[in-house]
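The file protein20.csv comes next; it holds CSV, C-alpha atoms and all ligand atoms.
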chain,number,residue,atom,x,y,z
T,1,MET,CA,139.2,82.5,98.8
T,2,SER,CA,138.4,78.9,99.7
T,3,THR,CA,138.1,76.4,96.9
T,4,THR,CA,134.6,75.4,96.1
T,5,THR,CA,133.6,71.9,94.8
T,6,ALA,CA,132.9,73.5,91.5
T,7,ASP,CA,136.4,74.9,91.4
T,8,ALA,CA,137.9,71.5,92.3
T,9,ASP,CA,135.8,69.9,89.5
T,10,ALA,CA,136.9,72.5,87.0
T,11,ILE,CA,140.6,72.1,88.0
T,12,ARG,CA,140.3,68.3,87.6
T,13,ALA,CA,138.5,68.6,84.2
T,14,ALA,CA,141.2,71.1,83.0
T,15,LEU,CA,144.0,68.8,83.9
T,16,GLU,CA,142.5,65.9,82.1
T,17,GLU,CA,142.9,67.8,78.8
T,18,PHE,CA,146.7,68.0,79.0
T,19,LEU,CA,149.5,65.6,78.4
T,20,PRO,CA,148.6,62.6,76.3
T,21,GLN,CA,148.6,59.1,77.6
T,22,SER,CA,151.9,58.5,75.9
T,23,SER,CA,153.6,61.3,77.7
T,24,PRO,CA,156.3,60.3,80.3
T,25,TYR,CA,155.0,63.0,82.6
T,26,ARG,CA,151.9,63.7,84.5
T,27,ILE,CA,150.5,66.8,86.2
T,28,LEU,CA,148.8,66.5,89.6
T,29,HIS,CA,146.7,69.1,91.5
T,30,HIS,CA,147.8,69.6,95.1
T,31,THR,CA,146.7,71.8,97.9
T,32,ILE,CA,148.3,72.0,101.3
T,33,ASN,CA,146.8,69.8,103.9
T,34,LYS,CA,149.4,70.0,106.7
T,35,ALA,CA,151.9,72.6,107.8
T,36,ASP,CA,154.9,70.4,107.3
T,37,ASP,CA,154.2,69.3,103.7
T,38,PRO,CA,157.3,67.6,102.1
T,39,ILE,CA,156.1,68.6,98.6
T,40,LEU,CA,156.3,72.2,99.6
T,41,HIS,CA,159.8,71.7,100.9
T,42,THR,CA,160.9,70.5,97.5
T,43,CYS,CA,159.0,73.3,95.7
T,44,PHE,CA,160.8,75.8,98.0
T,45,SER,CA,164.2,74.3,97.2
T,46,LEU,CA,163.4,74.7,93.5
T,47,ILE,CA,162.5,78.4,94.0
T,48,GLU,CA,165.7,78.9,96.0
T,49,GLU,CA,167.8,77.3,93.3
T,50,THR,CA,166.3,79.1,90.3
T,51,SER,CA,165.4,82.5,91.7
T,52,SER,CA,167.0,83.4,95.0
T,53,ALA,CA,169.8,85.2,93.2
T,54,ALA,CA,167.3,87.4,91.3
T,55,TYR,CA,165.5,88.2,94.6
T,56,LYS,CA,168.8,89.1,96.3
T,57,ALA,CA,169.7,91.4,93.4
T,58,SER,CA,166.3,93.2,93.5
T,59,SER,CA,165.1,95.9,95.8
T,60,LYS,CA,162.9,93.3,97.6
T,61,GLY,CA,165.7,91.0,98.7
T,62,TRP,CA,165.4,87.2,99.4
T,63,HIS,CA,163.3,86.4,102.5
T,64,PRO,CA,162.9,82.6,102.8
T,65,LYS,CA,160.5,82.7,105.7
T,66,ALA,CA,158.2,85.1,104.0
T,67,LYS,CA,158.3,83.0,100.8
T,68,GLN,CA,157.4,79.9,102.8
T,69,ARG,CA,154.6,81.7,104.5
T,70,GLU,CA,153.2,82.8,101.1
T,71,MET,CA,153.6,79.2,99.8
T,72,HIS,CA,151.4,78.0,102.7
T,73,GLU,CA,148.7,80.6,102.3
T,74,GLU,CA,145.1,79.4,102.3
T,75,GLY,CA,143.8,79.1,98.7
T,76,MET,CA,147.2,78.4,97.2
T,77,HIS,CA,147.0,75.6,94.5
T,78,TYR,CA,149.9,73.6,93.1
T,79,LEU,CA,150.2,71.9,89.8
T,80,LEU,CA,152.9,69.3,90.3
T,81,LEU,CA,155.0,67.9,87.4
T,82,LEU,CA,156.0,64.3,88.0
T,83,PRO,CA,157.3,61.4,85.9
T,84,LYS,CA,154.8,58.8,85.0
T,85,PRO,CA,155.7,55.2,85.7
T,86,ALA,CA,156.6,53.5,82.4
T,87,SER,CA,153.9,51.0,82.8
T,88,ALA,CA,151.3,53.8,82.8
T,89,THR,CA,152.3,55.0,79.4
T,90,THR,CA,152.3,51.6,77.6
T,91,LYS,CA,149.8,49.3,79.3
T,92,LEU,CA,146.4,48.7,77.9
T,93,PRO,CA,143.7,49.1,78.9
T,94,VAL,CA,144.6,52.5,80.2
T,95,SER,CA,144.8,52.5,84.0
T,96,PRO,CA,145.6,55.5,86.2
T,97,PRO,CA,149.1,55.6,87.6
T,98,PRO,CA,149.3,54.5,91.2
T,99,ALA,CA,148.8,57.2,93.9
T,100,LEU,CA,152.0,58.3,95.6
T,101,GLU,CA,152.7,59.2,99.2
T,102,PRO,CA,153.7,62.9,99.6
T,103,GLN,CA,157.2,61.9,100.6
T,104,GLU,CA,157.6,60.0,97.3
T,105,MET,CA,156.0,62.8,95.3
T,106,ALA,CA,158.4,65.2,96.8
T,107,LYS,CA,161.4,63.0,95.8
T,108,GLN,CA,160.1,62.7,92.2
T,109,LEU,CA,159.0,66.3,91.7
T,110,LEU,CA,160.3,67.7,88.4
T,111,GLY,CA,158.6,71.1,88.6
T,112,PHE,CA,155.6,73.0,89.7
T,113,LEU,CA,153.3,75.9,89.2
T,114,SER,CA,151.4,77.6,92.0
T,115,PHE,CA,148.4,79.8,91.6
T,116,MET,CA,145.5,81.4,93.5
T,117,LEU,CA,141.9,82.2,92.3
T,118,THR,CA,141.3,85.7,93.6
T,119,ILE,CA,139.5,88.9,93.0
T,120,ASP,CA,141.1,92.3,92.3
T,121,ASP,CA,138.9,95.3,92.0
T,122,ASP,CA,135.9,93.2,91.1
T,123,VAL,CA,137.9,91.3,88.5
T,124,PRO,CA,138.3,87.6,88.9
T,125,VAL,CA,141.9,86.8,88.4
T,126,ILE,CA,144.0,83.6,88.4
T,127,TYR,CA,147.3,84.7,89.8
T,128,ILE,CA,150.3,82.7,89.0
T,129,TYR,CA,152.7,82.9,91.9
T,130,GLU,CA,155.5,80.5,90.8
T,131,ILE,CA,156.5,78.3,87.9
T,132,HIS,CA,159.8,76.4,88.3
T,133,LEU,CA,161.1,73.4,86.4
T,134,CYS,CA,164.2,71.4,87.1
T,135,ALA,CA,166.9,72.2,84.6
T,136,THR,CA,166.7,68.7,83.1
T,137,VAL,CA,163.2,69.0,81.9
T,138,ARG,CA,163.2,72.6,80.6
T,139,GLY,CA,162.8,73.4,76.9
T,140,GLN,CA,160.5,70.5,76.2
T,141,GLY,CA,157.2,72.4,76.2
T,142,LEU,CA,156.4,71.4,79.8
T,143,GLY,CA,156.3,75.0,81.0
T,144,ARG,CA,154.0,75.9,78.2
T,145,THR,CA,151.8,72.9,79.1
T,146,LEU,CA,151.6,74.1,82.8
T,147,MET,CA,150.7,77.6,81.7
T,148,GLU,CA,148.0,76.2,79.3
T,149,CYS,CA,146.6,74.3,82.2
T,150,VAL,CA,146.3,77.6,84.1
T,151,ASP,CA,144.4,79.2,81.2
T,152,ALA,CA,142.0,76.2,81.1
T,153,ILE,CA,141.5,76.3,84.9
T,154,GLY,CA,141.1,80.1,84.8
T,155,ARG,CA,138.4,79.8,82.2
T,156,GLY,CA,136.8,76.8,83.8
T,157,THR,CA,136.5,78.7,87.1
T,158,GLY,CA,135.2,81.9,85.6
T,159,MET,CA,138.4,84.0,85.9
T,160,GLN,CA,138.7,87.0,83.6
T,161,LYS,CA,142.5,87.4,83.7
T,162,ALA,CA,145.6,85.5,84.3
T,163,MET,CA,148.3,87.6,86.0
T,164,LEU,CA,151.9,87.1,87.3
T,165,THR,CA,154.9,89.0,88.5
T,166,VAL,CA,158.4,88.5,87.0
T,167,PHE,CA,161.8,90.0,87.6
T,168,VAL,CA,162.9,92.3,84.7
T,169,SER,CA,166.3,90.5,85.0
T,170,ASN,CA,164.7,87.2,84.1
T,171,GLU,CA,164.7,87.9,80.4
T,172,ALA,CA,164.1,84.2,79.5
T,173,ALA,CA,160.9,84.1,81.6
T,174,VAL,CA,159.7,87.4,80.2
T,175,GLY,CA,160.2,86.0,76.7
T,176,PHE,CA,158.5,82.8,77.7
T,177,TYR,CA,155.4,84.7,79.0
T,178,GLU,CA,155.3,87.0,76.0
T,179,GLY,CA,155.2,84.0,73.8
T,180,LEU,CA,152.2,82.7,75.7
T,181,GLY,CA,150.3,86.0,75.1
T,182,TYR,CA,151.1,87.9,78.4
T,183,GLU,CA,151.7,91.6,78.1
T,184,LYS,CA,153.1,94.1,80.5
T,185,TRP,CA,150.2,95.4,82.7
T,186,ASP,CA,149.2,99.0,81.9
T,187,GLU,CA,150.7,101.5,84.3
T,188,GLU,CA,147.3,102.9,85.2
T,189,TYR,CA,146.4,99.5,86.6
T,190,ILE,CA,149.5,98.8,88.5
T,191,ALA,CA,148.4,100.3,91.7
T,192,PRO,CA,145.4,98.0,92.4
T,193,VAL,CA,147.4,95.0,91.3
T,194,ARG,CA,150.2,95.9,93.6
T,195,ARG,CA,147.8,95.8,96.4
T,196,LEU,CA,147.1,92.2,95.5
T,197,ARG,CA,150.7,91.1,95.3
T,198,SER,CA,152.8,93.5,97.2
T,199,THR,CA,151.5,94.6,100.5
T,200,ARG,CA,154.8,96.0,101.8
T,201,LYS,CA,156.9,98.7,100.3
T,202,PRO,CA,160.2,97.9,98.7
T,203,ALA,CA,163.4,98.9,100.6
T,204,ASP,CA,163.8,101.9,98.4
T,205,PRO,CA,160.4,102.9,96.8
T,206,ALA,CA,161.9,105.8,94.9
T,207,GLU,CA,164.5,103.6,93.2
T,208,GLU,CA,161.9,100.9,92.6
T,209,THR,CA,159.7,103.5,90.8
T,210,ARG,CA,162.7,104.8,88.7
T,211,ASN,CA,164.1,101.4,87.9
T,212,PRO,CA,161.6,98.6,88.7
T,213,SER,CA,163.1,95.2,89.3
T,214,TYR,CA,159.9,93.4,88.4
T,215,ILE,CA,156.9,93.8,86.1
T,216,ILE,CA,153.4,92.6,86.3
T,217,MET,CA,152.1,90.8,83.2
T,218,ALA,CA,148.6,89.8,82.3
T,219,LYS,CA,146.6,88.0,79.8
T,220,ASP,CA,142.9,88.3,79.0
T,221,LEU,CA,141.1,84.9,79.4
T,222,LEU,CA,137.9,86.2,77.9
T,223,ASP,CA,139.1,86.4,74.3
T,224,VAL,CA,138.3,82.7,74.0
T,225,LYS,CA,134.8,81.5,74.9
T,226,SER,CA,134.6,81.0,78.7
T,227,THR,CA,132.8,78.0,80.1
T,228,VAL,CA,131.4,79.9,83.1
T,229,SER,CA,129.0,82.9,83.2
T,230,HIS,CA,130.9,85.5,85.2
T,231,GLY,CA,127.8,87.3,86.2
T,232,GLN,CA,126.6,84.3,88.1
T,233,ASP,CA,129.8,83.6,89.8
T,234,THR,CA,129.4,84.0,93.5
T,235,ARG,CA,133.1,85.0,93.8
T,236,MET,CA,132.3,88.3,92.0
T,237,THR,CA,130.7,89.4,95.2
T,238,LEU,CA,133.6,88.5,97.4
T,239,SER,CA,136.5,90.7,98.3
T,240,ASP,CA,139.5,88.5,98.7
T,241,THR,CA,143.1,89.6,98.9
T,242,PRO,CA,146.0,87.3,99.8
T,243,GLU,CA,147.4,88.1,103.3
T,244,SER,CA,151.0,88.2,102.2
T,245,ASP,CA,153.3,87.5,99.3
T,246,GLY,CA,156.9,86.6,98.6
T,247,TRP,CA,157.9,90.2,98.4
T,248,GLU,CA,157.6,90.5,102.2
T,249,THR,CA,160.3,90.5,104.8
T,250,ASP,CA,161.0,87.8,107.2
T,251,ASP,CA,160.0,89.9,110.2
Z,1,LIG,C1,160.6,79.6,82.5
Z,1,LIG,C2,160.3,78.1,82.5
Z,1,LIG,C3,159.1,77.8,83.4
Z,1,LIG,C4,159.9,77.8,81.0
Z,1,LIG,O1,159.5,76.4,81.0
Z,1,LIG,P1,160.1,75.5,79.8
Z,1,LIG,O2,159.5,74.2,79.9
Z,1,LIG,O3,161.6,75.6,79.8
Z,1,LIG,O4,159.6,76.3,78.5
Z,1,LIG,P2,158.9,75.6,77.2
Z,1,LIG,O5,159.8,74.5,76.7
Z,1,LIG,O6,157.5,75.2,77.6
Z,1,LIG,O7,158.8,76.8,76.2
Z,1,LIG,C5,157.6,77.4,75.9
Z,1,LIG,C6,157.8,78.4,74.8
Z,1,LIG,O8,158.5,79.5,75.4
Z,1,LIG,C7,159.6,79.8,74.5
Z,1,LIG,N1,160.7,80.3,75.3
Z,1,LIG,C8,161.3,79.6,76.3
Z,1,LIG,N2,162.4,80.4,76.7
Z,1,LIG,C9,162.3,81.5,76.0
Z,1,LIG,C10,163.1,82.7,76.0
Z,1,LIG,N3,164.2,82.9,76.7
Z,1,LIG,N4,162.7,83.7,75.1
Z,1,LIG,C11,161.7,83.6,74.3
Z,1,LIG,N5,160.9,82.5,74.3
Z,1,LIG,C12,161.2,81.5,75.1
Z,1,LIG,C13,159.9,78.5,73.9
Z,1,LIG,O9,160.6,78.8,72.6
Z,1,LIG,C14,158.6,77.9,73.6
Z,1,LIG,O10,157.9,78.4,72.5
Z,1,LIG,P3,157.2,77.5,71.5
Z,1,LIG,O11,156.3,76.6,72.3
Z,1,LIG,O12,156.5,78.4,70.5
Z,1,LIG,O13,158.3,76.7,70.9
Z,1,LIG,C15,161.5,77.2,82.8
Z,1,LIG,O14,162.5,77.5,81.9
Z,1,LIG,C16,162.0,77.4,84.3
Z,1,LIG,O15,161.6,76.8,85.2
Z,1,LIG,N6,163.0,78.4,84.4
Z,1,LIG,C17,163.6,78.6,85.8
Z,1,LIG,C18,162.6,79.2,86.8
Z,1,LIG,C19,162.1,80.5,86.3
Z,1,LIG,O16,162.8,81.4,85.8
Z,1,LIG,N7,160.7,80.6,86.5
Z,1,LIG,C20,160.0,81.8,86.2
Z,1,LIG,C21,159.9,82.6,87.5
Z,1,LIG,S1,158.9,84.1,87.2

Would you encode the structure as C-alpha cells?
Ligand SMILES: CC(C)(COP(=O)(O)OP(=O)(O)OC[C@H]1O[C@@H](n2cnc3c(N)ncnc32)[C@H](O)[C@@H]1OP(=O)(O)O)[C@@H](O)C(=O)NCCC(=O)NCCS
Amino acid sequence: MSTTTADADAIRAALEEFLPQSSPYRILHHTINKADDPILHTCFSLIEETSSAAYKASSKGWHPKAKQREMHEEGMHYLLLLPKPASATTKLPVSPPPALEPQEMAKQLLGFLSFMLTIDDDVPVIYIYEIHLCATVRGQGLGRTLMECVDAIGRGTGMQKAMLTVFVSNEAAVGFYEGLGYEKWDEEYIAPVRRLRSTRKPADPAEETRNPSYIIMAKDLLDVKSTVSHGQDTRMTLSDTPESDGWETDD
C-alpha cells in the first residue's frame, strides 16, 4: 500500500506528541528512497545482533537476504531513535535539531521500529515488523514510546488493529508486548494473518503446528476513540498483502 499524503501527515502529527523537548532522544520517520540505504544497513545489523540466534533456533531459520528484501519492501516505514544534540534540548527559543545526512543518521542510530499499513481480510492493520534497541538504551521506556507512536499512527491513519509476530523463545519481548496490551491472536484468526506475514511454509510444518516457534499478537486500536472514520477510508477497498516477509528463504 503506498503512503498517501494523509498518512504522511498523520504520521508526522503522531510523532510530535512523543518525547518531550527535554528528552535527549528524538524519533524520526524514515522511508526507503534508494536501494543502498545506509540507515537500513544499521537496522539490519541490529536485527542480526539481537535476533539472528532466535531465527536460527526456530523452524524458519535465519535468511539474511530475505530479511533485507523484506526491509526494503514498498510501504515499509521506519521510526528511527536517535540522540538529540544537547543544544536542541536546552536552547530557547525551541529550534528543531539540524537535519542529518543518512550516513550520519546510520552512525548515530540507537534503535528503530518498522511497520506497514496494510489490510488483512478487510481489516486495516498496522503491522509491526521489527523493534530493536541498542542494549545501552533498553529499559528506559523508549521501546514503550516507540510502540505508543505506533498506536497513535495506527489510530491517526484509520487502522483497526496493531499486530506483530514474536518468537516464543523471546520471553522478554512477549512480556513487553503483553504489558502494552497485546494479546495472543485467537487460533481461529491465525490462518488469514499467516497469509499476511508468512507466505512460505516452515521447514517442518507439522512440527511448527505441534510446537510453534512464534506467536502472533494483536491489539485493538478501536477501544480508544479513533481520529479517522474507517468507513470513509479508501484503503478499506484495497486488497494489499506484502510480497514477502522475513520468514522466507534466501532462494
Ligand atoms: C524489547 C525491547 C524493544 C523493549 O524496549 P525497552 O526500551 O527495553 O522497554 P521499555 O523500557 O520501554 O519497557 C516498557 C515496559 O515493558 C516492560 N518490560 C520490559 N521487559 C519486560 C519483560 N521481560 N517482561 C515483562 N515486562 C517487560 C517494562 O517493565 C516496561 O513497563 P512499564 O512501562 O510499565 O514500566 C528492547 O528491549 C529490545 O530492543 N530488545 C532486543 C530486541 C528484541 O527482542 N526485539 C523484539 C523482537 S520481536

Shortest interatomic distance to Val166 (chain T) - which of T:Phe115, T:Tyr214, T:Tyr55, T:Phe18, counting only C-alpha atoms =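 Among the listed residues, T:Tyr214 lies closest to Val166 (chain T).
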
Write out as a Markdown table a residue-level contact list of chain T versus ligand LIG 1 (chain Z) with cut-off 10 Å: for each qualifying residue the closest pair of atoms and the distance in Å to one decimal, counting only C-alpha atoms and all ligand atoms, rows sorted by chain and residue number upward.
| residue | atom | partner | partner_atom | distance |
| --- | --- | --- | --- | --- |
| T:Leu46 | CA | Z:LIG1 | C18 | 8.1 |
| T:Ile47 | CA | Z:LIG1 | C18 | 7.2 |
| T:Glu48 | CA | Z:LIG1 | C18 | 9.7 |
| T:Glu49 | CA | Z:LIG1 | C18 | 8.5 |
| T:Thr50 | CA | Z:LIG1 | C18 | 5.1 |
| T:Ser51 | CA | Z:LIG1 | C18 | 6.5 |
| T:Ala54 | CA | Z:LIG1 | O16 | 9.3 |
| T:Leu110 | CA | Z:LIG1 | O15 | 9.7 |
| T:Gly111 | CA | Z:LIG1 | O15 | 7.3 |
| T:Phe112 | CA | Z:LIG1 | O15 | 8.4 |
| T:Leu113 | CA | Z:LIG1 | C3 | 8.4 |
| T:Ile128 | CA | Z:LIG1 | S1 | 8.9 |
| T:Tyr129 | CA | Z:LIG1 | S1 | 7.9 |
| T:Glu130 | CA | Z:LIG1 | C21 | 5.9 |
| T:Ile131 | CA | Z:LIG1 | N7 | 5.0 |
| T:His132 | CA | Z:LIG1 | O15 | 3.6 |
| T:Leu133 | CA | Z:LIG1 | O15 | 3.6 |
| T:Cys134 | CA | Z:LIG1 | O15 | 6.3 |
| T:Ala135 | CA | Z:LIG1 | O15 | 7.0 |
| T:Thr136 | CA | Z:LIG1 | O3 | 9.2 |
| T:Val137 | CA | Z:LIG1 | O2 | 6.7 |
| T:Arg138 | CA | Z:LIG1 | O3 | 3.5 |
| T:Gly139 | CA | Z:LIG1 | O5 | 3.2 |
| T:Gln140 | CA | Z:LIG1 | O5 | 4.1 |
| T:Gly141 | CA | Z:LIG1 | O6 | 3.1 |
| T:Leu142 | CA | Z:LIG1 | O2 | 4.2 |
| T:Gly143 | CA | Z:LIG1 | O2 | 3.5 |
| T:Arg144 | CA | Z:LIG1 | O6 | 3.6 |
| T:Thr145 | CA | Z:LIG1 | O6 | 6.3 |
| T:Leu146 | CA | Z:LIG1 | O6 | 7.9 |
| T:Met147 | CA | Z:LIG1 | O6 | 8.3 |
| T:Glu148 | CA | Z:LIG1 | O6 | 9.7 |
| T:Leu164 | CA | Z:LIG1 | S1 | 7.6 |
| T:Thr165 | CA | Z:LIG1 | S1 | 6.5 |
| T:Val166 | CA | Z:LIG1 | S1 | 4.4 |
| T:Phe167 | CA | Z:LIG1 | S1 | 6.6 |
| T:Val168 | CA | Z:LIG1 | S1 | 9.5 |
| T:Ser169 | CA | Z:LIG1 | O16 | 9.8 |
| T:Asn170 | CA | Z:LIG1 | O16 | 6.3 |
| T:Glu171 | CA | Z:LIG1 | N3 | 6.2 |
| T:Ala172 | CA | Z:LIG1 | N3 | 3.1 |
| T:Ala173 | CA | Z:LIG1 | C1 | 4.6 |
| T:Val174 | CA | Z:LIG1 | N4 | 7.0 |
| T:Gly175 | CA | Z:LIG1 | C11 | 3.7 |
| T:Phe176 | CA | Z:LIG1 | C12 | 4.0 |
| T:Tyr177 | CA | Z:LIG1 | O8 | 7.0 |
| T:Glu178 | CA | Z:LIG1 | N5 | 7.4 |
| T:Gly179 | CA | Z:LIG1 | O8 | 5.8 |
| T:Leu180 | CA | Z:LIG1 | O8 | 7.1 |
| T:Tyr214 | CA | Z:LIG1 | S1 | 9.4 |
| T:Ile215 | CA | Z:LIG1 | S1 | 10.0 |

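Surrounding residues of (159.7, 69.9, 99.9) at most 10 Å away are Asp36, Asp37, Pro38, Ile39, Leu40, His41, Thr42, Cys43, Phe44, Ser45, Leu46, Pro102, Gln103, Met105, Ala106, Lys107 and Leu109 of chain T (based on only C-alpha atoms).
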
Please write the residues from the selection above to a file, keeping C-alpha atoms, as a compact mmCIF listing (two decimals), in the frame of the given file.
# COMPACT_ATOMS: atom_id res chain seq x y z
CA ASP T 36 154.90 70.40 107.30
CA ASP T 37 154.20 69.30 103.70
CA PRO T 38 157.30 67.60 102.10
CA ILE T 39 156.10 68.60 98.60
CA LEU T 40 156.30 72.20 99.60
CA HIS T 41 159.80 71.70 100.90
CA THR T 42 160.90 70.50 97.50
CA CYS T 43 159.00 73.30 95.70
CA PHE T 44 160.80 75.80 98.00
CA SER T 45 164.20 74.30 97.20
CA LEU T 46 163.40 74.70 93.50
CA PRO T 102 153.70 62.90 99.60
CA GLN T 103 157.20 61.90 100.60
CA MET T 105 156.00 62.80 95.30
CA ALA T 106 158.40 65.20 96.80
CA LYS T 107 161.40 63.00 95.80
CA LEU T 109 159.00 66.30 91.70

Using only C-alpha atoms, give me every residue within 12 Å of (139.6, 68.3, 86.1) in file coordinates, as a PDB file with C-alpha atoms, in the frame of the given file.
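What follows is the written file selection.pdb:
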ATOM      1  CA  THR T   5     133.600  71.900  94.800  1.00  0.00           C
ATOM      2  CA  ALA T   6     132.900  73.500  91.500  1.00  0.00           C
ATOM      3  CA  ASP T   7     136.400  74.900  91.400  1.00  0.00           C
ATOM      4  CA  ALA T   8     137.900  71.500  92.300  1.00  0.00           C
ATOM      5  CA  ASP T   9     135.800  69.900  89.500  1.00  0.00           C
ATOM      6  CA  ALA T  10     136.900  72.500  87.000  1.00  0.00           C
ATOM      7  CA  ILE T  11     140.600  72.100  88.000  1.00  0.00           C
ATOM      8  CA  ARG T  12     140.300  68.300  87.600  1.00  0.00           C
ATOM      9  CA  ALA T  13     138.500  68.600  84.200  1.00  0.00           C
ATOM     10  CA  ALA T  14     141.200  71.100  83.000  1.00  0.00           C
ATOM     11  CA  LEU T  15     144.000  68.800  83.900  1.00  0.00           C
ATOM     12  CA  GLU T  16     142.500  65.900  82.100  1.00  0.00           C
ATOM     13  CA  GLU T  17     142.900  67.800  78.800  1.00  0.00           C
ATOM     14  CA  PHE T  18     146.700  68.000  79.000  1.00  0.00           C
ATOM     15  CA  ILE T  27     150.500  66.800  86.200  1.00  0.00           C
ATOM     16  CA  LEU T  28     148.800  66.500  89.600  1.00  0.00           C
ATOM     17  CA  HIS T  29     146.700  69.100  91.500  1.00  0.00           C
ATOM     18  CA  LEU T  79     150.200  71.900  89.800  1.00  0.00           C
ATOM     19  CA  CYS T 149     146.600  74.300  82.200  1.00  0.00           C
ATOM     20  CA  VAL T 150     146.300  77.600  84.100  1.00  0.00           C
ATOM     21  CA  ALA T 152     142.000  76.200  81.100  1.00  0.00           C
ATOM     22  CA  ILE T 153     141.500  76.300  84.900  1.00  0.00           C
ATOM     23  CA  GLY T 154     141.100  80.100  84.800  1.00  0.00           C
ATOM     24  CA  GLY T 156     136.800  76.800  83.800  1.00  0.00           C
ATOM     25  CA  THR T 157     136.500  78.700  87.100  1.00  0.00           C
TER      26      THR T 157
END

With a distance cut-off of 9 Å and only C-alpha atoms, select the neighbouring residues of Glu183 (chain T), excluding the residue or stretch itself and same-chain residues fewer than 3 positions from it, and output the selection as a list in words.
->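 The neighbour list is Tyr177, Glu178, Asp186, Ile216, Met217, Ala218 and Lys219 of chain T.
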
Residues from the last selection, C-alpha atoms, saved as a CSV table (one decimal), in the coordinates of the input:
chain,number,residue,atom,x,y,z
T,177,TYR,CA,155.4,84.7,79.0
T,178,GLU,CA,155.3,87.0,76.0
T,186,ASP,CA,149.2,99.0,81.9
T,216,ILE,CA,153.4,92.6,86.3
T,217,MET,CA,152.1,90.8,83.2
T,218,ALA,CA,148.6,89.8,82.3
T,219,LYS,CA,146.6,88.0,79.8

Closest of T:Arg26, T:Lys60, T:His72, T:Lys34 to Ala99 (chain T), counting only C-alpha atoms, is T:Arg26

Kindly indicate which residue among T:Gln21, T:Gln68, T:Thr118, T:Ser59 lies nearest to Lys84 (chain T), using only C-alpha atoms for the distances.
->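 So, comparing all the options, the nearest one is T:Gln21.
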
Atomic distance CA of Met163 (chain T) - CA of Tyr127 (chain T), expressed in Å with one decimal | 4.9 Å

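Interatomic distance, CA of Gly75 (chain T) to CA of Glu104 (chain T): 23.6 Å.
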
Rounded to one decimal place, report the CA of Ser22 (chain T)-CA of Leu221 (chain T) distance in Å.
->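 Going from CA of Ser22 (chain T) over to CA of Leu221 (chain T) covers 28.7 Å.
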
Which of these, T:Pro64, T:Pro212, T:Pro124, T:Pro24, has the shortest distance to Ala162 (chain T) once you count all atoms listed in the file?
->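 Of T:Pro64, T:Pro212, T:Pro124, T:Pro24, the one nearest Ala162 (chain T), counting all atoms listed in the file, is T:Pro124.
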